[in-house]
file model_2.tsv (TSV, C-alpha atoms)
chain	number	residue	atom	x	y	z
A	24	MET	CA	13.25	35.26	-31.86
A	25	GLY	CA	15.22	33.21	-29.33
A	26	ALA	CA	12.42	33.47	-26.77
A	27	PHE	CA	9.99	32.19	-29.37
A	28	LEU	CA	12.04	29.04	-29.95
A	29	ASP	CA	13.04	28.54	-26.31
A	30	PRO	CA	10.07	28.16	-23.93
A	31	VAL	CA	12.31	28.55	-20.87
A	32	ALA	CA	13.61	31.90	-22.14
A	33	ALA	CA	10.02	32.94	-22.74
A	34	GLY	CA	9.18	32.19	-19.13
A	35	GLY	CA	7.42	28.90	-19.85
A	36	ALA	CA	8.26	25.45	-18.67
A	37	THR	CA	9.56	22.66	-20.81
A	38	PRO	CA	7.57	19.46	-20.87
A	39	GLY	CA	8.99	17.05	-18.32
A	40	PRO	CA	9.73	13.38	-18.79
A	41	LYS	CA	6.40	12.40	-17.22
A	42	LYS	CA	4.44	14.35	-19.83
A	43	GLY	CA	6.56	12.87	-22.59
A	44	LEU	CA	5.91	9.35	-21.32
A	45	ARG	CA	2.18	10.06	-21.14
A	46	VAL	CA	2.13	11.27	-24.74
A	47	VAL	CA	4.07	8.22	-25.94
A	48	ALA	CA	1.78	5.94	-23.89
A	49	ALA	CA	-1.32	7.55	-25.41
A	50	LEU	CA	0.11	7.12	-28.91
A	51	TRP	CA	0.99	3.49	-28.17
A	52	LEU	CA	-2.54	2.78	-26.89
A	53	THR	CA	-3.92	4.39	-30.04
A	54	VAL	CA	-1.79	2.03	-32.16
A	55	ILE	CA	-3.03	-0.97	-30.16
A	56	LEU	CA	-6.63	0.14	-30.62
A	57	GLY	CA	-6.14	0.79	-34.33
A	58	VAL	CA	-4.63	-2.63	-34.95
A	59	SER	CA	-7.30	-4.33	-32.83
A	60	VAL	CA	-10.21	-2.96	-34.84
A	61	ALA	CA	-8.47	-3.17	-38.22
A	62	PRO	CA	-9.91	-5.41	-40.92
A	63	LEU	CA	-8.65	-8.98	-41.10
A	64	ALA	CA	-6.59	-8.24	-44.23
A	65	VAL	CA	-4.64	-5.55	-42.36
A	66	LYS	CA	-4.08	-7.84	-39.37
A	67	THR	CA	-2.85	-10.59	-41.69
A	68	SER	CA	-0.40	-8.24	-43.42
A	69	LEU	CA	0.92	-7.10	-40.02
A	70	HIS	CA	1.25	-10.75	-38.87
A	71	THR	CA	-0.87	-10.09	-35.78
A	72	ILE	CA	-2.74	-13.34	-36.34
A	73	GLY	CA	-1.12	-16.73	-36.49
A	74	HIS	CA	1.91	-17.94	-34.59
A	75	LEU	CA	2.95	-14.45	-33.39
A	76	HIS	CA	-0.50	-13.54	-32.04
A	77	ASN	CA	0.09	-14.29	-28.35
A	78	ALA	CA	3.61	-12.87	-28.31
A	79	LEU	CA	2.39	-9.64	-29.89
A	80	HIS	CA	-0.43	-9.33	-27.34
A	81	PHE	CA	2.06	-9.82	-24.50
A	82	ALA	CA	4.58	-7.37	-25.98
A	83	ALA	CA	1.98	-4.71	-26.80
A	84	PHE	CA	0.66	-4.59	-23.25
A	85	PHE	CA	4.10	-5.00	-21.68
A	86	VAL	CA	5.13	-1.81	-23.48
A	87	ALA	CA	1.82	-0.10	-22.66
A	88	ALA	CA	2.06	-0.83	-18.93
A	89	SER	CA	5.73	0.16	-18.86
A	90	LEU	CA	5.05	3.48	-20.54
A	91	MET	CA	2.01	4.16	-18.38
A	92	THR	CA	3.79	3.47	-15.09
A	93	LEU	CA	7.39	4.65	-15.54
A	94	GLY	CA	6.44	8.27	-14.93
A	95	SER	CA	4.24	7.47	-11.92
A	96	SER	CA	5.39	8.09	-8.40
A	97	GLY	CA	4.13	5.82	-5.69
A	98	TRP	CA	2.98	2.24	-5.89
A	99	ARG	CA	-0.70	3.18	-5.74
A	100	TYR	CA	-0.47	5.26	-8.91
A	101	ARG	CA	1.49	2.53	-10.68
A	102	LEU	CA	-1.07	-0.08	-9.64
A	103	LEU	CA	-3.95	2.19	-10.73
A	104	ARG	CA	-2.36	2.70	-14.13
A	105	GLY	CA	-1.79	-1.04	-14.43
A	106	LEU	CA	-5.49	-1.57	-13.71
A	107	LEU	CA	-6.35	1.08	-16.30
A	108	ALA	CA	-4.19	-0.80	-18.82
A	109	LEU	CA	-6.11	-3.99	-18.00
A	110	LEU	CA	-9.42	-2.16	-18.40
A	111	PHE	CA	-8.20	-0.89	-21.77
A	112	ALA	CA	-7.28	-4.46	-22.77
A	113	VAL	CA	-10.75	-5.76	-21.87
A	114	ALA	CA	-12.48	-2.84	-23.60
A	115	THR	CA	-10.36	-3.32	-26.71
A	116	GLU	CA	-11.24	-7.02	-26.85
A	117	TYR	CA	-14.96	-6.23	-26.44
A	118	LEU	CA	-14.75	-3.65	-29.21
A	119	GLU	CA	-12.87	-6.03	-31.48
A	120	ALA	CA	-15.47	-8.75	-30.86
A	121	ALA	CA	-18.33	-6.35	-31.57
A	122	ILE	CA	-16.82	-4.99	-34.77
A	123	SER	CA	-15.59	-8.32	-36.14
A	124	LEU	CA	-18.70	-10.20	-34.96
A	125	ILE	CA	-16.58	-12.82	-33.17
A	126	LYS	CA	-16.61	-14.21	-29.66
A	127	LEU	CA	-14.61	-12.33	-27.04
A	128	GLU	CA	-11.17	-13.91	-26.76
A	129	TRP	CA	-10.55	-14.20	-23.03
A	130	ARG	CA	-7.22	-15.89	-23.78
A	131	ASP	CA	-6.07	-12.62	-25.33
A	132	VAL	CA	-7.17	-10.71	-22.21
A	133	ARG	CA	-5.20	-13.18	-20.07
A	134	THR	CA	-2.13	-12.74	-22.27
A	135	ASP	CA	-2.55	-8.95	-22.07
A	136	ALA	CA	-2.76	-9.21	-18.27
A	137	TRP	CA	0.51	-11.16	-18.14
A	138	GLY	CA	2.14	-8.51	-20.33
A	139	ILE	CA	0.81	-5.78	-18.02
A	140	ALA	CA	2.10	-7.60	-14.93
A	141	ALA	CA	5.52	-8.00	-16.54
A	142	GLY	CA	5.52	-4.32	-17.56
A	143	LEU	CA	4.67	-3.25	-14.01
A	144	LEU	CA	7.45	-5.45	-12.64
A	145	MET	CA	9.94	-4.07	-15.17
A	146	ALA	CA	8.99	-0.48	-14.31
A	147	TYR	CA	9.38	-1.24	-10.59
A	148	LEU	CA	12.78	-2.88	-11.09
A	149	LEU	CA	13.96	-0.05	-13.32
A	150	ARG	CA	12.97	2.55	-10.72
A	151	TRP	CA	14.66	0.49	-7.98
A	152	TRP	CA	17.83	0.12	-10.08
A	153	MET	CA	17.91	3.85	-10.84
A	154	ALA	CA	17.46	4.66	-7.13
A	155	GLN	CA	20.38	2.34	-6.33
A	156	LYS	CA	22.56	4.08	-8.92
A	157	VAL	CA	21.71	7.48	-7.43
A	158	SER	CA	22.36	6.16	-3.93
A	159	ASP	CA	25.69	4.68	-5.02
A	160	GLY	CA	26.62	7.97	-6.65
A	161	LEU	CA	25.86	9.91	-3.47
A	162	ASN	CA	27.76	7.44	-1.30
A	163	SER	CA	30.89	7.60	-3.46
A	164	ARG	CA	31.44	11.29	-2.73

call {"tool": "encode", "arguments": {"input": "model_2.tsv", "output": "structure tokens"}}
result
Amino acid sequence: MGAFLDPVAAGGATPGPKKGLRVVAALWLTVILGVSVAPLAVKTSLHTIGHLHNALHFAAFFVAASLMTLGSSGWRYRLLRGLLALLFAVATEYLEAAISLIKLEWRDVRTDAWGIAAGLLMAYLLRWWMAQKVSDGLNSR
């Protein structure tokens, strides 16, 4: 019974932090998509329109880019995932415009891009800070 509950004891591998981040990122992108194509009444009840609109766009894509890039190794993969986040933002805006029969809101795409850039920067700084902590820990021995 223990091997059934413990994948390592059963000879399997446990999901690593990268896989966990990917799952959370995929769930987060699903939430963004769901809110984007939701009816106006739902958006109003969630306060995604009005004075919080731009801040929520920035925050949503800041979190998305952070989650998508934290598990990536190498600047090329982080940049690629940032570009994929931007592509997702543009596609989401196109889909929202098509479903709601409104004009594409390029201002929202720009706000999303700023959130993505900030998320990429935060992920880079967090990785740098963690590397410094590891380096400091090794040097203190």

call {"tool": "atom_distance", "arguments": {"input": "model_2.tsv", "atom1": "CA of Val47 (chain A)", "atom2": "CA of Lys156 (chain A)"}}
result
25.5 Å

call {"tool": "residues_around", "arguments": {"input": "model_2.tsv", "residues": "region 142-153 of chain A", "least_positions_apart": "4", "cutoff": "7 Å", "atoms": "only C-alpha atoms", "output": "ChimeraX atom specification"}}
result
/A:85-86,88-89,92-93,105,138,157

call {"tool": "residues_around", "arguments": {"input": "model_2.tsv", "residues": "Thr115 (chain A)", "least_positions_apart": "4", "cutoff": "9 Å", "atoms": "only C-alpha atoms", "output": "ChimeraX atom specification"}}
result
/A:55-56,59-60,110-111,119-120

call {"tool": "closest_residue", "arguments": {"input": "model_2.tsv", "among": "A:Leu127, A:Leu106, A:Ala136, A:Ile122", "to": "Ala61 (chain A)", "atoms": "all atoms listed in the file"}}
result
A:Ile122

call {"tool": "atom_distance", "arguments": {"input": "model_2.tsv", "atom1": "CA of Leu44 (chain A)", "atom2": "CA of Ala114 (chain A)"}}
result
22.2 Å

call {"tool": "atom_distance", "arguments": {"input": "model_2.tsv", "atom1": "CA of Val58 (chain A)", "atom2": "CA of Arg45 (chain A)"}}
result
20.0 Å

call {"tool": "closest_residue", "arguments": {"input": "model_2.tsv", "among": "A:Trp137, A:Leu69, A:Leu63, A:Gly94", "to": "Gly43 (chain A)", "atoms": "all atoms listed in the file"}}
result
A:Gly94

call {"tool": "residues_around", "arguments": {"input": "model_2.tsv", "residues": "region 72-79 of chain A", "least_positions_apart": "5", "cutoff": "10 Å", "atoms": "all atoms listed in the file", "output": "list in words"}}
result
Leu63, Lys66, Thr67, Phe84, Phe85, Arg130, Asp131, Arg133, Thr134, Asp135 and Gly138 of chain A

call {"tool": "build_atoms", "arguments": {"input": "model_2.tsv", "residues": "region 62-90 of chain A", "atoms": "N, CA and C atoms", "output": "CSV table (one decimal), in the coordinates of the input"}}
result
chain,number,residue,atom,x,y,z
A,62,PRO,N,-9.4,-4.3,-40.2
A,62,PRO,CA,-9.9,-5.4,-40.9
A,62,PRO,C,-8.9,-6.6,-40.9
A,63,LEU,N,-9.4,-7.8,-41.1
A,63,LEU,CA,-8.6,-9.0,-41.1
A,63,LEU,C,-7.5,-8.9,-42.1
A,64,ALA,N,-7.7,-8.3,-43.2
A,64,ALA,CA,-6.6,-8.2,-44.2
A,64,ALA,C,-5.4,-7.4,-43.7
A,65,VAL,N,-5.7,-6.4,-43.0
A,65,VAL,CA,-4.6,-5.6,-42.4
A,65,VAL,C,-3.9,-6.4,-41.3
A,66,LYS,N,-4.7,-7.0,-40.4
A,66,LYS,CA,-4.1,-7.8,-39.4
A,66,LYS,C,-3.2,-8.9,-39.9
A,67,THR,N,-3.6,-9.5,-41.0
A,67,THR,CA,-2.8,-10.6,-41.7
A,67,THR,C,-1.5,-10.0,-42.2
A,68,SER,N,-1.6,-8.8,-42.9
A,68,SER,CA,-0.4,-8.2,-43.4
A,68,SER,C,0.6,-7.8,-42.3
A,69,LEU,N,0.1,-7.5,-41.1
A,69,LEU,CA,0.9,-7.1,-40.0
A,69,LEU,C,1.4,-8.3,-39.2
A,70,HIS,N,0.9,-9.5,-39.6
A,70,HIS,CA,1.2,-10.8,-38.9
A,70,HIS,C,0.8,-10.7,-37.4
A,71,THR,N,-0.3,-10.1,-37.2
A,71,THR,CA,-0.9,-10.1,-35.8
A,71,THR,C,-1.8,-11.3,-35.5
A,72,ILE,N,-2.0,-12.1,-36.6
A,72,ILE,CA,-2.7,-13.3,-36.3
A,72,ILE,C,-1.8,-14.5,-36.7
A,73,GLY,N,-2.0,-15.6,-36.2
A,73,GLY,CA,-1.1,-16.7,-36.5
A,73,GLY,C,-0.2,-17.0,-35.3
A,74,HIS,N,1.0,-17.5,-35.6
A,74,HIS,CA,1.9,-17.9,-34.6
A,74,HIS,C,2.5,-16.8,-33.7
A,75,LEU,N,2.4,-15.6,-34.2
A,75,LEU,CA,3.0,-14.4,-33.4
A,75,LEU,C,1.9,-13.8,-32.5
A,76,HIS,N,0.6,-14.2,-32.7
A,76,HIS,CA,-0.5,-13.5,-32.0
A,76,HIS,C,-0.3,-13.3,-30.5
A,77,ASN,N,0.0,-14.4,-29.8
A,77,ASN,CA,0.1,-14.3,-28.4
A,77,ASN,C,1.3,-13.5,-28.0
A,78,ALA,N,2.4,-13.6,-28.6
A,78,ALA,CA,3.6,-12.9,-28.3
A,78,ALA,C,3.4,-11.4,-28.6
A,79,LEU,N,2.7,-11.1,-29.6
A,79,LEU,CA,2.4,-9.6,-29.9
A,79,LEU,C,1.4,-9.0,-28.9
A,80,HIS,N,0.5,-9.8,-28.4
A,80,HIS,CA,-0.4,-9.3,-27.3
A,80,HIS,C,0.4,-9.0,-26.1
A,81,PHE,N,1.2,-10.0,-25.7
A,81,PHE,CA,2.1,-9.8,-24.5
A,81,PHE,C,2.9,-8.6,-24.6
A,82,ALA,N,3.6,-8.5,-25.8
A,82,ALA,CA,4.6,-7.4,-26.0
A,82,ALA,C,3.9,-6.0,-26.0
A,83,ALA,N,2.7,-6.0,-26.7
A,83,ALA,CA,2.0,-4.7,-26.8
A,83,ALA,C,1.6,-4.2,-25.4
A,84,PHE,N,1.1,-5.1,-24.6
A,84,PHE,CA,0.7,-4.6,-23.2
A,84,PHE,C,1.8,-4.5,-22.2
A,85,PHE,N,2.9,-5.2,-22.5
A,85,PHE,CA,4.1,-5.0,-21.7
A,85,PHE,C,4.6,-3.6,-21.9
A,86,VAL,N,4.7,-3.2,-23.2
A,86,VAL,CA,5.1,-1.8,-23.5
A,86,VAL,C,4.1,-0.8,-23.0
A,87,ALA,N,2.8,-1.0,-23.1
A,87,ALA,CA,1.8,-0.1,-22.7
A,87,ALA,C,1.9,0.1,-21.2
A,88,ALA,N,2.0,-1.0,-20.4
A,88,ALA,CA,2.1,-0.8,-18.9
A,88,ALA,C,3.4,-0.2,-18.5
A,89,SER,N,4.4,-0.5,-19.2
A,89,SER,CA,5.7,0.2,-18.9
A,89,SER,C,5.7,1.7,-19.1
A,90,LEU,N,5.2,2.1,-20.2
A,90,LEU,CA,5.0,3.5,-20.5
A,90,LEU,C,4.1,4.2,-19.6
